[in-house]
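Just entry34.cif here, mmCIF, C-alpha atoms and all ligand atoms:
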data_data
#
loop_
_atom_site.label_atom_id
_atom_site.label_comp_id
_atom_site.auth_asym_id
_atom_site.auth_seq_id
_atom_site.Cartn_x
_atom_site.Cartn_y
_atom_site.Cartn_z
CA MET A 15 12.85 16.41 10.05
CA ALA A 16 15.28 13.66 10.80
CA PRO A 17 18.43 13.69 8.66
CA ASP A 18 18.72 11.20 5.84
CA GLN A 19 20.34 7.99 6.81
CA GLN A 20 22.55 6.82 4.03
CA ALA A 21 23.44 3.39 5.35
CA ALA A 22 23.28 0.76 2.67
CA ALA A 23 21.02 -2.24 2.90
CA PRO A 24 22.55 -5.29 4.51
CA ALA A 25 24.67 -7.29 2.05
CA ALA A 26 22.18 -10.11 2.26
CA ALA A 27 18.86 -8.29 1.98
CA PRO A 28 16.32 -9.58 4.46
CA SER A 29 14.98 -12.38 2.41
CA THR A 30 11.85 -14.35 2.86
CA GLY A 31 9.60 -16.12 0.40
CA PRO A 32 10.52 -16.55 -3.22
CA ALA A 33 13.92 -15.08 -4.06
CA PRO A 34 13.92 -13.51 -7.51
CA ALA A 35 17.27 -12.40 -8.90
CA LEU A 36 16.14 -8.78 -8.58
CA ALA A 37 17.10 -6.50 -5.72
CA PRO A 38 14.20 -5.82 -3.38
CA ALA A 39 12.36 -2.53 -3.89
CA LEU A 40 11.32 -2.61 -0.25
CA ALA A 41 12.68 -4.48 2.73
CA THR A 42 12.15 -4.46 6.46
CA GLU A 43 14.58 -5.84 8.97
CA GLY A 44 13.48 -6.66 12.50
CA LEU A 45 10.72 -4.08 12.24
CA THR A 46 9.02 -3.73 15.62
CA VAL A 47 6.62 -1.41 17.37
CA ARG A 48 5.40 -1.58 20.94
CA PHE A 49 2.41 0.21 22.38
CA GLY A 50 3.07 0.08 26.11
CA GLY A 51 3.62 -3.59 26.84
CA HIS A 52 1.91 -4.76 23.64
CA VAL A 53 4.12 -5.70 20.68
CA ALA A 54 1.90 -4.86 17.69
CA VAL A 55 4.58 -5.63 15.07
CA ASP A 56 7.20 -8.06 16.20
CA ALA A 57 10.59 -8.14 14.47
CA VAL A 58 9.23 -8.48 10.93
CA THR A 59 11.93 -9.17 8.36
CA ALA A 60 10.72 -9.35 4.77
CA ALA A 61 11.74 -8.23 1.29
CA PHE A 62 9.41 -7.23 -1.56
CA TYR A 63 10.41 -7.38 -5.20
CA PRO A 64 9.41 -5.56 -8.40
CA GLY A 65 6.86 -7.49 -10.39
CA THR A 66 5.47 -9.27 -7.35
CA LEU A 67 2.16 -8.67 -5.66
CA THR A 68 2.32 -9.73 -2.04
CA VAL A 69 -0.85 -10.06 -0.03
CA ILE A 70 -0.50 -9.65 3.72
CA VAL A 71 -3.10 -11.61 5.61
CA GLY A 72 -3.80 -12.35 9.25
CA PRO A 73 -6.57 -12.24 11.82
CA ASN A 74 -7.98 -8.96 13.12
CA GLY A 75 -5.38 -7.20 15.24
CA ALA A 76 -2.49 -9.19 13.73
CA GLY A 77 -0.57 -6.00 12.97
CA LYS A 78 -1.12 -5.64 9.20
CA THR A 79 -2.14 -1.99 9.15
CA THR A 80 0.45 -1.15 11.79
CA TYR A 81 3.13 -2.77 9.60
CA PHE A 82 1.96 -0.60 6.69
CA ASN A 83 2.13 2.46 8.97
CA LEU A 84 5.71 1.60 9.91
CA VAL A 85 6.73 1.05 6.27
CA SER A 86 5.13 4.23 4.96
CA GLY A 87 6.46 6.30 7.87
CA GLN A 88 3.14 7.21 9.48
CA LEU A 89 4.36 5.54 12.63
CA ALA A 90 7.85 5.47 14.15
CA ALA A 91 9.28 2.03 14.84
CA SER A 92 10.49 0.99 18.27
CA ALA A 93 13.21 -1.06 16.56
CA GLY A 94 14.27 -2.32 13.16
CA ARG A 95 14.85 -0.75 9.77
CA VAL A 96 13.07 -0.04 6.49
CA PHE A 97 14.90 0.03 3.14
CA VAL A 98 13.66 1.47 -0.15
CA ASN A 99 15.75 0.38 -3.10
CA GLY A 100 18.56 -0.42 -0.72
CA ARG A 101 18.48 2.92 1.05
CA ASP A 102 17.80 3.01 4.77
CA VAL A 103 14.77 5.27 5.18
CA SER A 104 14.09 4.34 8.80
CA ARG A 105 14.61 7.86 10.06
CA LEU A 106 12.76 9.61 7.26
CA GLY A 107 9.20 10.88 7.60
CA ALA A 108 6.27 9.82 5.46
CA ALA A 109 6.63 12.67 2.94
CA ARG A 110 10.26 11.81 2.24
CA ARG A 111 9.43 8.14 1.84
CA THR A 112 6.69 9.08 -0.63
CA ARG A 113 9.21 11.01 -2.70
CA LEU A 114 11.47 7.95 -2.68
CA GLY A 115 8.73 5.83 -4.24
CA ILE A 116 6.40 4.52 -1.54
CA GLY A 117 2.76 5.17 -2.47
CA ARG A 118 -0.12 4.31 -0.26
CA ALA A 119 -3.87 4.65 -0.46
CA PHE A 120 -4.65 6.38 2.80
CA GLN A 121 -8.14 5.45 3.96
CA LEU A 122 -9.59 8.64 2.48
CA THR A 123 -7.53 11.02 4.61
CA ASN A 124 -5.66 12.27 1.55
CA LEU A 125 -8.76 13.52 -0.25
CA PHE A 126 -9.77 17.18 -0.42
CA PRO A 127 -13.55 17.06 0.19
CA HIS A 128 -14.18 20.63 -0.97
CA LEU A 129 -12.48 20.16 -4.34
CA SER A 130 -13.87 18.36 -7.35
CA VAL A 131 -12.92 14.81 -8.28
CA LEU A 132 -10.83 16.08 -11.18
CA GLU A 133 -9.05 18.67 -9.02
CA ASN A 134 -8.06 16.00 -6.53
CA VAL A 135 -6.40 13.91 -9.22
CA ARG A 136 -4.94 16.99 -10.91
CA LEU A 137 -3.10 17.87 -7.69
CA ALA A 138 -1.59 14.38 -7.62
CA VAL A 139 -0.52 14.64 -11.28
CA GLN A 140 1.08 18.03 -10.60
CA SER A 141 2.81 16.74 -7.53
CA ARG A 142 4.23 13.79 -9.51
CA ALA A 143 5.41 16.08 -12.29
CA GLY A 144 7.00 18.44 -9.77
CA ILE A 145 4.98 21.28 -11.22
CA GLY A 146 3.87 22.60 -7.83
CA MET A 147 1.87 25.79 -7.85
CA HIS A 148 4.09 27.95 -10.04
CA MET A 149 1.68 29.88 -12.24
CA LEU A 150 3.74 29.94 -15.44
CA SER A 151 4.38 26.21 -15.33
CA LEU A 152 0.76 25.65 -14.46
CA CYS A 153 -0.43 27.55 -17.53
CA SER A 154 2.02 25.96 -19.95
CA SER A 155 1.24 22.43 -18.93
CA HIS A 156 -2.35 22.85 -17.88
CA ARG A 157 -3.86 20.86 -20.73
CA GLU A 158 -1.46 17.99 -20.35
CA VAL A 159 -2.06 17.84 -16.60
CA ILE A 160 -5.83 17.78 -17.07
CA ALA A 161 -5.52 15.09 -19.75
CA ARG A 162 -3.48 12.92 -17.42
CA ALA A 163 -5.91 13.46 -14.56
CA GLU A 164 -8.78 12.47 -16.86
CA HIS A 165 -6.86 9.37 -17.90
CA TYR A 166 -6.58 8.21 -14.28
CA LEU A 167 -10.26 8.93 -13.65
CA GLU A 168 -11.18 6.80 -16.66
CA ARG A 169 -9.08 3.97 -15.26
CA VAL A 170 -11.25 3.88 -12.14
CA ALA A 171 -14.46 4.38 -14.16
CA MET A 172 -15.10 7.81 -12.66
CA ALA A 173 -14.81 10.09 -15.68
CA ALA A 174 -18.52 10.90 -15.51
CA LYS A 175 -18.08 12.21 -11.95
CA ARG A 176 -15.15 14.49 -12.69
CA ASP A 177 -16.98 17.65 -11.62
CA ALA A 178 -18.60 16.24 -8.47
CA TRP A 179 -17.41 17.51 -5.11
CA VAL A 180 -15.51 14.80 -3.35
CA GLY A 181 -17.45 15.33 -0.12
CA THR A 182 -20.65 14.30 -1.90
CA LEU A 183 -19.31 10.98 -3.26
CA SER A 184 -20.28 7.56 -1.96
CA HIS A 185 -17.72 5.69 0.14
CA GLY A 186 -16.99 3.37 -2.79
CA ASP A 187 -16.38 6.27 -5.17
CA GLN A 188 -14.09 7.93 -2.65
CA ARG A 189 -12.04 4.74 -2.39
CA LYS A 190 -11.84 4.50 -6.19
CA LEU A 191 -10.72 8.11 -6.30
CA GLU A 192 -8.06 7.27 -3.75
CA VAL A 193 -6.78 4.58 -6.11
CA ALA A 194 -6.78 7.06 -9.03
CA ILE A 195 -4.71 9.47 -6.91
CA LEU A 196 -2.30 6.74 -5.97
CA LEU A 197 -1.85 5.76 -9.63
CA ALA A 198 -1.37 9.41 -10.61
CA LEU A 199 1.54 9.64 -8.18
CA GLU A 200 3.18 6.76 -10.12
CA PRO A 201 4.99 5.23 -7.17
CA ASP A 202 7.34 2.26 -7.58
CA ILE A 203 5.86 0.63 -4.50
CA LEU A 204 2.08 0.58 -4.12
CA MET A 205 0.45 -0.26 -0.81
CA PHE A 206 -3.27 -0.98 -0.67
CA ASP A 207 -5.01 -1.57 2.66
CA GLU A 208 -8.27 -3.40 1.99
CA PRO A 209 -8.95 -1.37 -1.14
CA THR A 210 -12.42 -2.81 -1.71
CA ALA A 211 -13.67 -2.48 1.87
CA GLY A 212 -17.07 -0.82 1.96
CA MET A 213 -17.53 -0.98 -1.81
CA SER A 214 -20.70 -2.17 -3.49
CA VAL A 215 -20.57 -5.42 -5.43
CA ASP A 216 -20.39 -3.67 -8.81
CA GLU A 217 -17.54 -1.36 -7.71
CA VAL A 218 -15.23 -4.14 -6.54
CA PRO A 219 -14.28 -5.52 -10.00
CA VAL A 220 -13.16 -2.07 -11.19
CA VAL A 221 -10.60 -1.82 -8.42
CA LEU A 222 -9.49 -5.44 -8.65
CA ASP A 223 -9.05 -5.13 -12.40
CA LEU A 224 -6.95 -2.04 -11.84
CA ILE A 225 -4.73 -3.79 -9.33
CA HIS A 226 -4.38 -6.59 -11.90
CA GLN A 227 -3.22 -4.02 -14.45
CA VAL A 228 -0.76 -2.45 -12.01
CA LYS A 229 0.61 -5.89 -11.29
CA ALA A 230 0.94 -6.57 -15.01
CA ALA A 231 3.35 -3.63 -15.26
CA ARG A 232 6.21 -5.80 -14.12
CA ASN A 233 8.32 -3.05 -12.61
CA ARG A 234 5.89 -2.30 -9.79
CA THR A 235 6.06 -3.72 -6.29
CA VAL A 236 2.61 -4.16 -4.83
CA LEU A 237 1.62 -4.86 -1.21
CA LEU A 238 -1.98 -5.54 -0.40
CA VAL A 239 -3.67 -6.11 2.95
CA GLU A 240 -6.78 -8.13 2.29
CA HIS A 241 -9.27 -10.22 4.23
CA LYS A 242 -11.35 -11.55 1.37
CA MET A 243 -9.90 -14.88 0.35
CA ASP A 244 -11.33 -14.76 -3.19
CA VAL A 245 -9.43 -11.51 -3.72
CA VAL A 246 -6.29 -13.02 -2.22
CA ARG A 247 -6.51 -16.02 -4.53
CA ALA A 248 -7.14 -13.86 -7.57
CA LEU A 249 -4.26 -11.47 -7.05
CA ALA A 250 -1.50 -12.91 -4.89
CA ASP A 251 1.89 -13.96 -6.26
CA ARG A 252 2.97 -14.43 -2.70
CA ILE A 253 1.30 -14.44 0.69
CA VAL A 254 2.77 -13.21 3.96
CA VAL A 255 0.93 -14.11 7.14
CA LEU A 256 1.12 -12.01 10.27
CA HIS A 257 -0.10 -13.35 13.57
CA ASN A 258 0.23 -11.51 16.87
CA GLY A 259 2.52 -9.06 15.08
CA ALA A 260 4.98 -11.70 13.89
CA LEU A 261 5.55 -13.07 10.40
CA VAL A 262 4.50 -16.71 10.68
CA ALA A 263 4.30 -17.83 7.03
CA ASP A 264 5.60 -16.52 3.74
CA GLY A 265 5.56 -18.12 0.32
CA LYS A 266 3.62 -19.05 -2.77
CA PRO A 267 -0.16 -18.85 -2.29
CA ALA A 268 -0.81 -22.59 -2.64
CA GLU A 269 1.86 -23.47 -0.07
CA VAL A 270 0.82 -20.83 2.42
CA MET A 271 -2.89 -21.63 2.11
CA ARG A 272 -2.10 -25.28 2.88
CA SER A 273 0.07 -24.58 5.90
CA THR A 274 -1.28 -25.61 9.27
CA ILE A 275 -0.66 -22.24 10.83
CA VAL A 276 -2.77 -20.50 8.20
CA GLN A 277 -5.53 -23.04 8.38
CA GLU A 278 -5.68 -22.70 12.15
CA ALA A 279 -4.80 -19.08 12.69
CA TYR A 280 -6.53 -17.48 9.78
CA LEU A 281 -8.54 -19.41 7.26
CA GLY A 282 -10.34 -21.51 9.83
CA ALA A 283 -11.33 -18.37 11.69
CA THR A 284 -12.59 -16.30 8.79
CA GLU A 285 -13.57 -18.47 5.84
CA PRO A 286 -17.15 -19.50 5.64
CA ALA A 287 -17.57 -23.26 5.97
N1 LIG B 1 -1.83 3.62 18.02
C1 LIG B 1 -2.03 2.49 18.70
N2 LIG B 1 -1.99 2.46 20.03
C2 LIG B 1 -2.18 1.31 20.72
N3 LIG B 1 -2.40 0.12 20.14
C3 LIG B 1 -2.47 0.09 18.81
C4 LIG B 1 -2.29 1.26 18.01
N4 LIG B 1 -2.40 0.91 16.69
C5 LIG B 1 -2.63 -0.41 16.68
N5 LIG B 1 -2.68 -0.90 17.94
C6 LIG B 1 -2.88 -2.31 18.30
O1 LIG B 1 -1.96 -3.07 17.56
C7 LIG B 1 -2.54 -4.30 17.16
C8 LIG B 1 -2.47 -4.45 15.65
O2 LIG B 1 -3.44 -3.59 15.06
P1 LIG B 1 -3.62 -3.48 13.49
O3 LIG B 1 -4.68 -2.47 13.25
O4 LIG B 1 -2.32 -3.25 12.86
O5 LIG B 1 -4.14 -4.93 13.12
P2 LIG B 1 -4.67 -5.44 11.73
O6 LIG B 1 -4.02 -6.73 11.47
O7 LIG B 1 -4.53 -4.39 10.69
O8 LIG B 1 -6.20 -5.67 12.09
P3 LIG B 1 -7.51 -5.56 11.16
O9 LIG B 1 -7.47 -6.71 10.23
O10 LIG B 1 -8.63 -5.67 12.16
O11 LIG B 1 -7.49 -4.23 10.48
C9 LIG B 1 -3.96 -4.31 17.72
O12 LIG B 1 -3.94 -4.99 18.95
C10 LIG B 1 -4.24 -2.85 17.92
O13 LIG B 1 -5.19 -2.67 18.95
#
Please express what this file holds, its structure, as structure tokens.
Amino acid sequence: MAPDQQAAAPAAAPSTGPAPALAPALATEGLTVRFGGHVAVDAVTAAFYPGTLTVIVGPNGAGKTTYFNLVSGQLAASAGRVFVNGRDVSRLGAARRTRLGIGRAFQLTNLFPHLSVLENVRLAVQSRAGIGMHMLSLCSSHREVIARAEHYLERVAMAAKRDAWVGTLSHGDQRKLEVAILLALEPDILMFDEPTAGMSVDEVPVVLDLIHQVKAARNRTVLLVEHKMDVVRALADRIVVLHNGALVADGKPAEVMRSTIVQEAYLGATEPA
């Protein structure tokens, strides 16, 4: 694994959008990735602050998921830097970034299909508590760990399915479980990539309500990639627009929604008339 890079964040943190007095929990500076000749994320400089939920929007192929991959460390950048709480994590892998506070719901790839719903969340609770698989610790804290896992399942309205095998769950339930696991890891920075995609109409409010609650805990920094404009309007404190990999608008929802570039590049293309 690449050695830690201890360089401090630039004196003036990359700053876009509203500028709260707080230090950014997450910042990217000139973040870029090229696939052959195609620049999928193009020199994105942005800072994200505790207590703010930022929705990243943009047309299909704009680079939203790729930007998330660069931030969480799933993908190596061609250029640019990523900072978590002022620390340069650009050369750290995804696991190290997770330990430093970046939490991401991973399109179901983090689930263990042959374990029960409860077991999946229990592993996340144990991981957060640093309990690992040591048998003595496991026994002594078993009840507490289970209680916490049950708490997170209740938050996503899945307590009744605690004993179901994950592989047998509906897509919507798997995505809710993913959110429960993310919450159980208690990250400072939460990244959701279209969390309600593929969910049935009655499942969507559970997840949106949960994101509302996370946002209400003012110390969390939340990034959300979302296509549905009603969701964007309901949740966003700030909107960042990516287009052809570049950041083209950033600000308060009302301002960004009104901007010509958003009307032309995004809303006009995706909103029903
Ligand atoms: N591993 C890869 N190799 C080559 N090209 C890639 C790779 N990953 C992404 N791309 C390209 O980068 C661009 C951005 O893709 P990305 O999935 O980030 O867009 P997006 O904004 O998340 O789109 P959507 O809203 O459809 O999910 C696209 O042109 C995509 O084809």
- Query: Using all atoms listed in the file, which of A:Val53, A:Ala230, A:Leu197, A:Leu204 sits nearest ligand LIG 1 (chain B)?
  - Reply: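 When distances to ligand LIG 1 (chain B) are compared using all atoms listed in the file, the smallest one comes from A:Val53.
Using all atoms listed in the file for every distance, the candidate list A:His241, A:Arg118, A:Arg169, A:Arg234 yields A:His241 as the residue closest to ligand LIG 1 (chain B).
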- Contacts to ligand LIG 1 (chain B) at 6 Å cut-off (only C-alpha atoms and all ligand atoms) as a list in words: Phe49, Ala54, Pro73, Asn74, Gly75, Ala76, Gly77, Lys78, Thr79 and Thr80 of chain A
- Among listed residues A:Ala60, A:Val159, A:Ile70, A:Met205, nearest Val254 (chain A) (using all atoms listed in the file): A:Ile70
- Message: Using only C-alpha atoms, list the residues that have an atom at most 10 Å from (6.8, -1.4, -9.8), coordinates as in the file, as a VMD selection string.
- Response: chain A and resid 39 63 to 67 115 200 to 204 228 to 236
- Query: A:Ala174, A:Leu114, A:Leu199, A:Leu167: which is nearest Arg142 (chain A), counting all atoms listed in the file?
  - Reply: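 Looking at the shortest contact to Arg142 (chain A), the residue is A:Leu199.
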- Task: Show which residues sit within 10 Å of region 128-131 of chain A, as a list in words. Count all atoms listed in the file, and ignore same-chain residues fewer than 2 positions away.
- Result: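 The residues that qualify are Leu125, Phe126, Glu133, Asn134, Val135, Arg136, Ala163, Glu164, Leu167, Met172, Ala173, Ala174, Lys175, Arg176, Asp177, Ala178, Trp179, Val180, Gly181, Thr182, Leu183, Asp187, Gln188, Leu191, Ala194 and Ile195 of chain A.
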- Do you have the CA of Ala93 (chain A)-CA of Val58 (chain A) distance handy? 10.1 Å
- Query: Distance CA of His257 (chain A)-CA of Leu40 (chain A), one decimal place?
  - Reply: 20.9 Å
- In Å, rounded to a single decimal, give me how far CA of Arg157 (chain A) is from CA of Ala143 (chain A). 13.4 Å
Around all the atoms of region 70-84 of chain A listed in the file, draw an axis-aligned box and extend it by 6 Å on each of the six sides; I want its centre and edge lengths in Å to one decimal, as JSON.
{"center_x": -1.1, "center_y": -4.9, "center_z": 9.5, "size_x": 25.7, "size_y": 26.8, "size_z": 23.5}
- Message: Which residue is closest to Pro209 (chain A)? Choose from A:Met271, A:Val262, A:Arg110, A:Val69 and count only C-alpha atoms.
- Response: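 Counting only C-alpha atoms, the residue closest to Pro209 (chain A) is A:Val69.
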- Query: Quick one: residues within 12 Å of region 267-270 of chain A, only C-alpha atoms counted, chain neighbours fewer than 6 positions away excluded, as a PyMOL selection string?
  - Reply: chain A and resi 31-32+67-72+243-256+276-281
- Query: In terms of the shortest atom-to-atom distance over all atoms listed in the file, which of A:Val55, A:Val139, A:Val218, A:Ser184 is closest to Arg162 (chain A)?
  - Reply: A:Val139
